[in-house]
Amino acid sequence: PRSTLFPYTTLFRSFIGAITELCEMLEKTKWKPWKKSSKNDIKEIRKELIDVWHFIINLSIACNLEPDDLVKKFIEKNIENNKRQENGY
């Protein structure tokens, strides 16, 4: 039934979707130092980034993560990461 499969399928599809879009975004960058290439295509990178956000927002909704909670957790994690970097982690 949809009620029991919905969170799982939404999580799975959104997770795979986010990874796929990140890979597509990577292809729009010029990350290969051995390959001659032109400048990064910022317009296309932004389009792929919006696609990534689409899936990240779907994941947040599926996990019942409210916007205020997301910001709070982001700030907490950012503080933790900065402390780790300051202490040579």
# chains A, B, ... in the order shown; residues from 1 in each chain; ligands from 1
>>> residues_around(residues="Ala18 of chain A", least_positions_apart="6", cutoff="10 Å", atoms="only C-alpha atoms", output="ChimeraX atom specification")
/A:12,24,48-49,51-59
>>> select_by_dssp(residues="chain A", states="alpha helix (DSSP H)", output="number ranges by chain")
A: 2-27, 42-62, 67-86
>>> atom_distance(atom1="atom CA of Gln85 of chain A", atom2="atom CA of Asn40 of chain A")
28.8 Å
>>> atom_distance(atom1="atom CA of Ile79 of chain A", atom2="atom CA of Glu66 of chain A")
20.1 Å
>>> closest_residue(among="A:Lys28, A:Gly88, A:Arg13, A:Leu70", to="Lys47 of chain A", atoms="only C-alpha atoms")
A:Lys28
>>> atom_distance(atom1="atom CA of Ile16 of chain A", atom2="atom CA of Ile42 of chain A")
23.3 Å
>>> decode(residues="segment 9-26 of chain A", atoms="C-alpha atoms", output="compact mmCIF listing (two decimals), in the first residue's frame")
# COMPACT_ATOMS: atom_id res chain seq x y z
CA THR A 9 10.10 5.27 -2.13
CA THR A 10 10.19 9.06 -1.70
CA LEU A 11 13.42 8.84 0.28
CA PHE A 12 15.01 6.43 -2.17
CA ARG A 13 13.97 8.30 -5.30
CA SER A 14 14.91 11.67 -3.83
CA PHE A 15 18.29 10.36 -2.67
CA ILE A 16 19.06 8.86 -6.08
CA GLY A 17 17.70 11.98 -7.78
CA ALA A 18 19.95 14.28 -5.72
CA ILE A 19 23.02 12.16 -6.46
CA THR A 20 22.18 12.06 -10.16
CA GLU A 21 21.70 15.81 -10.34
CA LEU A 22 24.96 16.39 -8.46
CA CYS A 23 26.72 14.24 -11.05
CA GLU A 24 25.08 16.21 -13.84
CA MET A 25 26.18 19.44 -12.14
CA LEU A 26 29.73 18.10 -11.88
